[in-house]
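Asker: Data file query-v3.txt (compact mmCIF, C-alpha atoms) is appended below.
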# COMPACT_ATOMS: atom_id res chain seq x y z
CA MET A 1 181.80 294.24 38.24
CA LEU A 2 180.75 294.30 41.89
CA ASP A 3 178.99 297.61 41.29
CA ASP A 4 176.22 295.61 39.62
CA PHE A 5 173.66 294.70 42.29
CA MET A 6 172.68 291.51 40.43
CA THR A 7 176.30 290.34 40.37
CA ARG A 8 176.54 290.86 44.12
CA ALA A 9 173.23 289.03 44.60
CA VAL A 10 174.44 286.04 42.56
CA LEU A 11 177.73 285.88 44.47
CA ALA A 12 175.84 286.08 47.76
CA GLY A 13 173.48 283.27 46.76
CA VAL A 14 176.34 281.03 45.66
CA GLY A 15 178.21 281.80 48.89
CA VAL A 16 175.25 280.70 50.99
CA ALA A 17 174.96 277.52 48.89
CA VAL A 18 178.63 276.73 49.53
CA ALA A 19 178.12 277.10 53.29
CA ALA A 20 174.80 275.25 53.43
CA ALA A 21 175.57 272.24 51.20
CA PRO A 22 177.86 270.11 53.41
CA LEU A 23 176.13 271.23 56.59
CA GLY A 24 172.70 270.57 55.12
CA SER A 25 173.77 267.04 54.24
CA PHE A 26 174.51 266.33 57.90
CA VAL A 27 171.23 267.98 58.92
CA VAL A 28 169.41 265.53 56.61
CA TRP A 29 171.44 262.49 57.70
CA ARG A 30 170.98 263.26 61.40
CA ARG A 31 167.32 264.25 60.97
CA MET A 32 168.04 267.67 62.49
CA ALA A 33 165.61 269.72 60.39
CA TYR A 34 163.90 271.24 63.41
CA PHE A 35 167.30 271.94 64.94
CA GLY A 36 168.20 274.16 61.99
CA ASP A 37 164.81 275.83 62.15
CA ALA A 38 165.16 276.68 65.85
CA THR A 39 168.64 278.11 65.33
CA ALA A 40 167.46 280.22 62.40
CA HIS A 41 164.45 281.61 64.29
CA ALA A 42 166.72 282.68 67.14
CA ALA A 43 168.65 284.91 64.73
CA ILE A 44 165.91 287.57 64.70
CA LEU A 45 166.54 288.11 68.42
CA GLY A 46 170.22 288.51 67.55
CA VAL A 47 169.26 291.18 64.99
CA ALA A 48 167.30 293.11 67.63
CA LEU A 49 170.16 292.94 70.13
CA SER A 50 172.66 294.01 67.45
CA LEU A 51 170.62 297.09 66.58
CA ALA A 52 170.06 297.96 70.24
CA LEU A 53 173.77 297.63 71.09
CA GLN A 54 174.92 299.16 67.78
CA MET A 55 177.02 296.16 66.85
CA SER A 56 177.42 294.02 63.74
CA ILE A 57 174.25 292.22 62.63
CA PHE A 58 176.39 289.22 61.69
CA ALA A 59 177.99 289.05 65.16
CA GLY A 60 174.69 289.39 67.00
CA ALA A 61 172.85 286.85 64.86
CA MET A 62 175.68 284.35 65.15
CA ALA A 63 175.98 284.78 68.92
CA VAL A 64 172.28 284.22 69.58
CA ALA A 65 172.07 281.38 67.05
CA LEU A 66 175.01 279.71 68.76
CA VAL A 67 173.41 280.13 72.22
CA MET A 68 170.19 278.60 70.88
CA ALA A 69 171.99 275.67 69.30
CA LEU A 70 174.00 275.02 72.48
CA THR A 71 170.83 275.25 74.60
CA VAL A 72 169.10 272.65 72.44
CA THR A 73 172.14 270.39 72.66
CA LEU A 74 172.29 270.68 76.46
CA LEU A 75 168.55 270.17 77.04
CA SER A 76 168.11 267.25 74.64
CA GLY A 77 167.62 263.90 76.33
CA ARG A 78 166.48 265.42 79.63
CA GLY A 79 162.85 264.37 79.68
CA TYR A 80 161.60 266.29 76.66
CA ALA A 81 160.85 264.91 73.22
CA MET A 82 163.22 266.60 70.77
CA ASP A 83 160.48 267.86 68.44
CA THR A 84 158.61 269.37 71.42
CA LEU A 85 161.74 271.05 72.78
CA LEU A 86 162.69 272.47 69.38
CA GLY A 87 159.15 273.68 68.73
CA VAL A 88 159.02 275.55 72.04
CA LEU A 89 162.46 277.12 71.64
CA ALA A 90 162.09 278.01 67.95
CA HIS A 91 158.79 279.84 68.24
CA SER A 92 159.65 281.40 71.59
CA ALA A 93 162.91 282.81 70.21
CA LEU A 94 161.13 284.23 67.16
CA ALA A 95 158.39 285.78 69.32
CA PHE A 96 160.89 287.33 71.78
CA GLY A 97 162.89 288.63 68.83
CA LEU A 98 159.86 290.30 67.24
CA VAL A 99 158.86 291.83 70.59
CA ALA A 100 162.41 293.07 71.13
CA VAL A 101 162.39 294.73 67.70
CA SER A 102 159.21 296.61 68.63
CA PHE A 103 161.05 298.26 71.55
CA LEU A 104 163.75 299.72 69.30
CA SER A 105 162.76 303.38 69.27
CA GLY A 106 164.43 305.72 66.83
CA ILE A 107 165.78 302.84 64.70
CA ARG A 108 164.25 302.24 61.31
CA ILE A 109 164.25 298.54 60.50
CA ASP A 110 162.81 296.65 57.55
CA LEU A 111 161.65 293.56 59.40
CA MET A 112 160.58 291.81 56.21
CA ALA A 113 164.15 291.98 54.93
CA TYR A 114 165.35 289.97 57.94
CA LEU A 115 162.43 287.54 57.87
CA PHE A 116 162.55 286.77 54.13
CA GLY A 117 165.92 288.17 53.09
CA ASP A 118 166.93 291.05 50.84
CA ILE A 119 169.55 289.56 48.56
CA LEU A 120 169.28 292.43 46.06
CA ALA A 121 170.54 294.84 48.73
CA VAL A 122 173.73 292.89 49.49
CA SER A 123 176.76 295.20 49.72
CA ARG A 124 180.46 294.54 49.20
CA SER A 125 180.97 294.22 52.97
CA ASP A 126 178.07 291.76 53.14
CA LEU A 127 179.75 289.71 50.41
CA ALA A 128 182.97 289.63 52.40
CA VAL A 129 181.08 288.37 55.46
CA ILE A 130 179.11 285.78 53.46
CA TRP A 131 182.14 284.33 51.68
CA GLY A 132 184.29 284.51 54.82
CA GLY A 133 181.64 282.55 56.71
CA ALA A 134 181.21 280.11 53.82
CA ALA A 135 184.98 279.47 53.73
CA LEU A 136 185.04 278.93 57.49
CA VAL A 137 182.12 276.45 57.38
CA ALA A 138 183.61 274.61 54.40
CA GLY A 139 186.95 274.41 56.21
CA LEU A 140 185.34 273.06 59.39
CA MET A 141 183.43 270.44 57.42
CA ALA A 142 186.53 269.36 55.46
CA TRP A 143 188.63 269.18 58.64
CA ARG A 144 186.15 267.05 60.57
CA TRP A 145 184.46 265.26 57.64
CA SER A 146 185.55 261.72 58.52
CA ALA A 147 184.87 262.13 62.24
CA LEU A 148 181.48 263.72 61.58
CA LEU A 149 180.50 260.87 59.26
CA THR A 150 181.56 258.27 61.80
CA SER A 151 179.65 259.88 64.67
CA THR A 152 176.61 260.31 62.40
CA LEU A 153 176.68 256.64 61.46
CA SER A 154 177.02 255.31 65.02
CA GLU A 155 177.98 256.82 68.37
CA GLU A 156 179.32 253.45 69.50
CA LEU A 157 181.53 253.23 66.42
CA ALA A 158 182.72 256.78 67.05
CA TYR A 159 183.73 255.98 70.63
CA ALA A 160 185.50 252.82 69.44
CA SER A 161 187.43 254.95 66.92
CA GLY A 162 188.49 257.43 69.60
CA ILE A 163 186.02 260.10 68.44
CA ASP A 164 183.87 262.08 70.87
CA PRO A 165 180.37 262.41 69.31
CA LYS A 166 179.53 265.35 71.57
CA ARG A 167 182.54 267.26 70.26
CA GLU A 168 181.45 266.60 66.69
CA GLN A 169 177.93 267.74 67.59
CA LEU A 170 179.46 270.97 68.94
CA ILE A 171 181.35 271.52 65.68
CA LEU A 172 178.10 271.07 63.74
CA THR A 173 176.45 273.52 66.13
CA VAL A 174 179.10 276.17 65.53
CA ALA A 175 178.94 275.65 61.75
CA LEU A 176 175.15 275.94 61.85
CA ALA A 177 175.31 279.23 63.77
CA ILE A 178 177.80 280.65 61.25
CA THR A 179 175.63 279.58 58.31
CA VAL A 180 172.52 281.13 59.84
CA ALA A 181 174.40 284.40 60.42
CA VAL A 182 175.72 284.65 56.86
CA ALA A 183 172.43 283.59 55.24
CA ILE A 184 170.16 286.00 57.09
CA LYS A 185 170.82 288.78 54.56
CA VAL A 186 170.16 286.49 51.60
CA VAL A 187 167.07 284.41 52.39
CA GLY A 188 166.04 285.63 55.86
CA VAL A 189 165.47 283.70 59.07
CA LEU A 190 162.27 282.02 57.89
CA LEU A 191 163.89 280.49 54.80
CA ILE A 192 167.38 279.61 56.05
CA ALA A 193 166.32 276.13 57.15
CA ALA A 194 164.85 275.57 53.67
CA MET A 195 168.20 276.31 51.99
CA LEU A 196 169.91 273.95 54.42
CA ILE A 197 167.52 271.05 53.91
CA ILE A 198 166.00 271.22 50.41
CA PRO A 199 169.19 271.13 48.25
CA ALA A 200 170.60 268.30 50.37
CA ALA A 201 167.34 266.36 50.16
CA ALA A 202 167.22 266.94 46.40
CA ALA A 203 170.80 265.69 46.04
CA ARG A 204 170.22 262.48 47.98
CA PRO A 205 168.59 260.41 45.17
CA LEU A 206 171.37 261.45 42.78
CA SER A 207 174.27 260.50 45.04
CA ARG A 208 176.09 257.28 45.80
CA THR A 209 178.55 258.60 48.41
CA PRO A 210 178.37 261.22 51.17
CA GLU A 211 180.95 263.39 49.39
CA GLN A 212 178.97 263.24 46.17
CA MET A 213 175.81 264.25 48.00
CA ALA A 214 177.50 267.31 49.56
CA LEU A 215 178.90 268.42 46.19
CA THR A 216 175.60 267.83 44.41
CA ALA A 217 173.74 269.75 47.12
CA GLY A 218 176.12 272.66 46.61
CA MET A 219 175.48 272.62 42.86
CA ILE A 220 171.71 272.48 43.35
CA GLY A 221 171.86 275.33 45.87
CA ALA A 222 173.98 277.48 43.56
CA LEU A 223 171.76 276.80 40.53
CA SER A 224 168.68 277.54 42.65
CA ALA A 225 170.18 280.93 43.51
CA LEU A 226 170.99 281.70 39.87
CA ILE A 227 167.63 280.56 38.45
CA GLY A 228 165.63 281.99 41.36
CA LEU A 229 167.22 285.42 40.98
CA ASN A 230 166.55 285.39 37.26
CA ALA A 231 162.93 284.38 37.86
CA ALA A 232 162.54 287.12 40.47
CA TYR A 233 163.87 289.67 37.97
CA VAL A 234 161.63 288.48 35.13
CA PHE A 235 158.42 287.95 37.10
CA ASP A 236 158.99 290.66 39.75
CA THR A 237 158.72 288.19 42.65
CA PRO A 238 160.55 288.22 46.03
CA ALA A 239 164.11 287.02 45.47
CA GLY A 240 164.62 284.87 48.60
CA PRO A 241 161.37 282.90 48.29
CA SER A 242 161.96 282.53 44.54
CA ILE A 243 165.31 280.83 45.25
CA VAL A 244 163.66 278.43 47.69
CA CYS A 245 160.88 277.68 45.17
CA VAL A 246 163.46 276.66 42.56
CA ALA A 247 165.20 274.42 45.11
CA ALA A 248 161.82 272.86 45.95
CA LEU A 249 161.20 272.14 42.26
CA ALA A 250 164.62 270.49 42.07
CA PHE A 251 163.65 268.29 45.02
CA LEU A 252 160.39 267.37 43.29
CA ALA A 253 162.25 266.50 40.09
CA THR A 254 164.80 264.24 41.81
CA SER A 255 162.07 262.58 43.89
CA VAL A 256 160.05 261.79 40.76
CA THR A 257 163.19 260.49 39.04
CA ARG A 258 163.88 258.17 41.98
CA SER A 259 160.29 256.91 41.96
CA LEU A 260 160.45 256.15 38.24
CA ARG A 261 163.74 254.27 38.68
CA GLY A 262 162.37 252.32 41.63
Could I get this structure in the form of structure tokens?
Answerer:
Amino acid sequence: MLDDFMTRAVLAGVGVAVAAAPLGSFVVWRRMAYFGDATAHAAILGVALSLALQMSIFAGAMAVALVMALTVTLLSGRGYAMDTLLGVLAHSALAFGLVAVSFLSGIRIDLMAYLFGDILAVSRSDLAVIWGGAALVAGLMAWRWSALLTSTLSEELAYASGIDPKREQLILTVALAITVAVAIKVVGVLLIAAMLIIPAAAARPLSRTPEQMALTAGMIGALSALIGLNAAYVFDTPAGPSIVCVAALAFLATSVTRSLRG
């Protein structure tokens, strides 16, 4: 069954949805959209370093994404507006990554595949990495779910409950770096933030509890992957952007539904 490239693509898309759904919910609740974007853009520098050092793309992308996320965490609140800081770091990391790629002599690289994803070229080893990362992220979120919710709601309440908000922020940072690394093959660095944010935002009007929102976001992300891949096959469109377009339509539908109810 896994010899069928479409089967592998579907499994990869669902795996990314599983990783992104609970994490994307926290990104929406904490208003960290730019944070995810900056971490994703840094991944292209990780790709360049991986190719130059002949190491795993997953390891390089995750390492650089983690360094970026930690840098943002450390620099926040030190005289810079968060949106300014994230804008500078996100675009600088992407630019340095693209310049670094240009210095890779003798290495053939399809840059578009890393920018926008190449889900139809996912291999069995890629699937193992994607689902391993998804399981790790889901495990981290399940383990720290209550503490993460408390620190998201109020730092003062978290301290009163014996929870360190900075530690929970670090856990989110690690989970975000893992998600970026596993998603780079599927939707590319420019669309990773979209798969984090859009399904969670689409799930929000349909949900009454945080747990319900995370589960609904996962379902929307998985359905977006399935429908987007089918649309890409039928209309001969890019697979990664097609998946994001379907997720965007789901967000539009739930937003309209909420407006009509209100």
Asker: Find the residues around range 50-63 of chain A up to 9 Å (only C-alpha atoms counted), leave out those fewer than 3 positions away in its own chain, and share them as a list in words.
Answerer: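 Close residues of range 50-63 of chain A: Ala40, Ala42, Ala43, Ile44, Leu45, Gly46, Val47, Leu66, Val67, Met68, Val101, Leu104, Ile107, Ile109, Val129, Val174, Ala177, Ile178, Thr179, Val180, Ala181, Val182 and Ile184 of chain A.
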Asker: Please compute the CA of Ala113 in chain A-CA of Ser224 in chain A distance, one decimal, in Å.
Answerer: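 Distance reported for this atom pair: 19.5 Å.
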Asker: Could you work out how far CA of Ala12 in chain A lies from CA of Leu127 in chain A, giving the answer in Å with one decimal?
Answerer: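 Calculated distance between CA of Leu127 in chain A and CA of Ala12 in chain A is 6.0 Å.
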Asker: Do you have, as a Markdown table, the list of residues of range 67-152 of chain A lying at most 12 Å from range 201-221 of chain A, each with its nearest atom pair and that distance in Å to one decimal, counting all atoms listed in the file and ordered by chain then number?
Answerer:
| residue | atom | partner | partner_atom | distance |
| --- | --- | --- | --- | --- |
| A:Ala134 | CA | A:Gly218 | CA | 11.5 |
| A:Ala138 | CA | A:Ala214 | CA | 10.7 |
| A:Met141 | CA | A:Ala214 | CA | 10.3 |
| A:Ala142 | CA | A:Glu211 | CA | 10.2 |
| A:Trp145 | CA | A:Glu211 | CA | 9.2 |
| A:Ser146 | CA | A:Pro210 | CA | 10.3 |
| A:Leu148 | CA | A:Pro210 | CA | 11.1 |
| A:Leu149 | CA | A:Pro210 | CA | 8.4 |
| A:Thr150 | CA | A:Pro210 | CA | 11.5 |
| A:Thr152 | CA | A:Pro210 | CA | 11.4 |
Asker: List the spatial neighbours of range 87-92 of chain A as a PyMOL selection string - criterion: any atom at most 8 Å away, all atoms listed in the file, same-chain residues fewer than 6 positions off excluded.
Answerer: chain A and resi 34+37-39+41-42+68
Asker: For a quick check of your reading of the model, name the residues lying within 12 Å of the coordinate (167.1, 266.7, 54.3), counting all atoms listed in the file, and write them as a PyMOL selection string.
Answerer: chain A and resi 20-36+193-205+213-214+217+248+251
Asker: Hey, which of A:Leu252, A:Val14, A:Ile171, A:Leu190 ends up closest to Leu94 in chain A? Count all atoms listed in the file.
Answerer: A:Leu190
Asker: Find the distance between CA of Leu170 in chain A and CA of Gly15 in chain A and write it in Å to one decimal.
Answerer: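 So the answer is 22.8 Å.
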Asker: Between A:Ala222, A:Val72, A:Ala9, A:Ala239, which is the closest to Thr173 in chain A once you count all atoms listed in the file?
Answerer: A:Val72
